[in-house]
>>> print(open('coords_19.cif').read())   # mmCIF, C-alpha atoms
data_run
#
loop_
_atom_site.label_atom_id
_atom_site.label_comp_id
_atom_site.auth_asym_id
_atom_site.auth_seq_id
_atom_site.Cartn_x
_atom_site.Cartn_y
_atom_site.Cartn_z
CA MET A 76 12.89 -28.68 16.42
CA TYR A 77 14.50 -25.43 17.55
CA ALA A 78 15.90 -24.27 20.86
CA SER A 79 13.55 -24.06 23.82
CA ALA A 80 13.04 -20.28 23.52
CA PRO A 81 13.11 -18.15 20.37
CA THR A 82 15.26 -15.08 19.85
CA ARG A 83 13.69 -11.73 19.09
CA ASN A 84 14.84 -12.02 15.46
CA GLN A 85 13.04 -15.36 15.09
CA LEU A 86 9.79 -13.84 16.39
CA ILE A 87 10.20 -10.86 14.06
CA ALA A 88 10.68 -13.27 11.15
CA ILE A 89 7.33 -14.93 11.97
CA GLU A 90 5.59 -11.55 12.04
CA CYS A 91 7.21 -10.36 8.80
CA ALA A 92 6.21 -13.57 7.01
CA ALA A 93 2.56 -12.96 7.92
CA HIS A 94 2.46 -9.21 7.16
CA PHE A 95 0.85 -7.91 3.99
CA HIS A 96 -0.28 -4.53 2.67
CA PRO A 97 -3.98 -3.76 2.14
CA HIS A 98 -3.71 -3.89 -1.66
CA GLU A 99 -1.99 -7.31 -1.58
CA LYS A 100 -3.49 -10.77 -1.23
CA LYS A 101 -3.97 -11.87 2.39
CA ARG A 102 -1.29 -14.24 3.67
CA SER A 103 -2.03 -17.21 5.88
CA ALA A 104 -1.11 -17.30 9.55
CA GLN A 105 2.54 -18.06 10.23
CA SER A 106 3.71 -20.12 13.18
CA ALA A 107 6.78 -21.80 14.62
CA VAL A 108 7.37 -24.21 17.48
CA TYR A 109 10.19 -23.61 19.96
CA GLY A 110 10.44 -26.23 22.68
CA ASN A 111 6.85 -27.04 23.67
CA THR A 112 5.50 -23.60 22.76
CA THR A 113 3.81 -22.60 19.51
CA TYR A 114 4.09 -18.96 18.43
CA SER A 115 1.82 -17.70 15.66
CA VAL A 116 0.95 -14.42 13.98
CA GLU A 117 -1.96 -13.66 11.68
CA TYR A 118 -2.81 -10.36 10.03
CA PHE A 119 -6.30 -9.29 9.02
CA VAL A 120 -7.63 -6.09 7.48
CA SER A 121 -9.80 -3.76 9.50
CA ASN A 122 -11.12 -0.36 8.50
CA ARG A 123 -9.87 2.46 10.68
CA LYS A 124 -12.54 4.21 12.70
CA CYS A 125 -11.06 7.69 12.15
CA TYR A 126 -12.15 10.12 9.46
CA ASP A 127 -10.69 8.29 6.45
CA GLY A 128 -11.79 4.67 7.09
CA LEU A 129 -8.79 3.24 5.24
CA PRO A 130 -8.14 -0.52 5.39
CA THR A 131 -5.33 -1.26 7.84
CA PRO A 132 -3.58 -4.59 8.45
CA THR A 133 -3.85 -5.54 12.13
CA ALA A 134 -1.82 -8.27 13.78
CA MET A 135 -3.14 -11.01 16.05
CA PHE A 136 -0.46 -12.71 18.14
CA LYS A 137 -0.97 -16.13 19.74
CA ILE A 138 1.08 -18.31 22.06
CA ASN A 139 -0.14 -21.90 22.30
CA GLY A 140 -3.42 -20.85 20.68
CA LYS A 141 -4.14 -18.12 23.24
CA ARG A 142 -4.33 -14.55 21.97
CA VAL A 143 -1.76 -12.25 23.59
CA SER A 144 -0.58 -8.68 23.13
CA ARG A 145 2.46 -7.77 21.04
CA ALA A 146 4.38 -6.94 24.23
CA VAL A 147 3.71 -10.36 25.77
CA PHE A 148 4.55 -12.09 22.47
CA TYR A 149 7.97 -10.43 22.29
CA SER A 150 8.63 -10.79 26.04
CA HIS A 151 9.11 -14.54 25.43
CA ALA A 152 12.26 -13.88 23.39
CA THR A 153 15.68 -14.71 24.77
CA GLU A 154 18.62 -12.36 24.56
CA VAL A 155 21.29 -13.24 22.04
CA ALA A 156 24.75 -13.69 23.55
CA ALA A 157 27.28 -11.27 22.09
#
>>> encode(input="coords_19.cif", output="structure tokens")
Amino acid sequence: MYASAPTRNQLIAIECAAHFHPHEKKRSAQSAVYGNTTYSVEYFVSNRKCYDGLPTPTAMFKINGKRVSRAVFYSHATEVAA
């Protein structure tokens, strides 16, 4: 069990562990529990709607199973004391 609130670096580590490039094998969703809150990130490939239609990894952020935006996901981070 970790501290009650994650640091920004811990949330970035979750996102980096889930990220993959379009030519690589898809990675499973990554999650971590801090206090009573579960943070998870999953990437999936979607084709861009612009002129080229290239496959692009897109992140899906969740807090306690509820989908949230990237801004809300990172707003739960605590500041690290200097």
>>> residues_around(input="coords_19.cif", residues="His96 in chain A", least_positions_apart="4", cutoff="10 Å", atoms="only C-alpha atoms", output="PDB file with C-alpha atoms, in the frame of the given file")
ATOM      1  CA  LYS A 100      -3.490 -10.770  -1.230  1.00  0.00           C
ATOM      2  CA  LYS A 101      -3.970 -11.870   2.390  1.00  0.00           C
ATOM      3  CA  ARG A 102      -1.290 -14.240   3.670  1.00  0.00           C
ATOM      4  CA  TYR A 118      -2.810 -10.360  10.030  1.00  0.00           C
ATOM      5  CA  PHE A 119      -6.300  -9.290   9.020  1.00  0.00           C
ATOM      6  CA  VAL A 120      -7.630  -6.090   7.480  1.00  0.00           C
ATOM      7  CA  PRO A 130      -8.140  -0.520   5.390  1.00  0.00           C
ATOM      8  CA  THR A 131      -5.330  -1.260   7.840  1.00  0.00           C
ATOM      9  CA  PRO A 132      -3.580  -4.590   8.450  1.00  0.00           C
TER      10      PRO A 132
END
>>> resolve_selection(input="coords_19.cif", expression="the PyMOL selection byres ((chain A and resi 113) around 12)", output="VMD selection string")
chain A and resid 76 to 77 79 to 81 86 89 105 to 112 114 to 116 136 to 142 148 151
>>> closest_residue(input="coords_19.cif", among="A:Gly128, A:Ala146, A:Ser121, A:Met135", to="Glu90 in chain A", atoms="all atoms listed in the file")
A:Met135
>>> closest_residue(input="coords_19.cif", among="A:Ala152, A:Ser144, A:Ala134, A:Arg123", to="Ala92 in chain A", atoms="all atoms listed in the file")
A:Ala134
>>> atom_distance(input="coords_19.cif", atom1="CA of Pro97 in chain A", atom2="CA of Leu129 in chain A")
9.0 Å
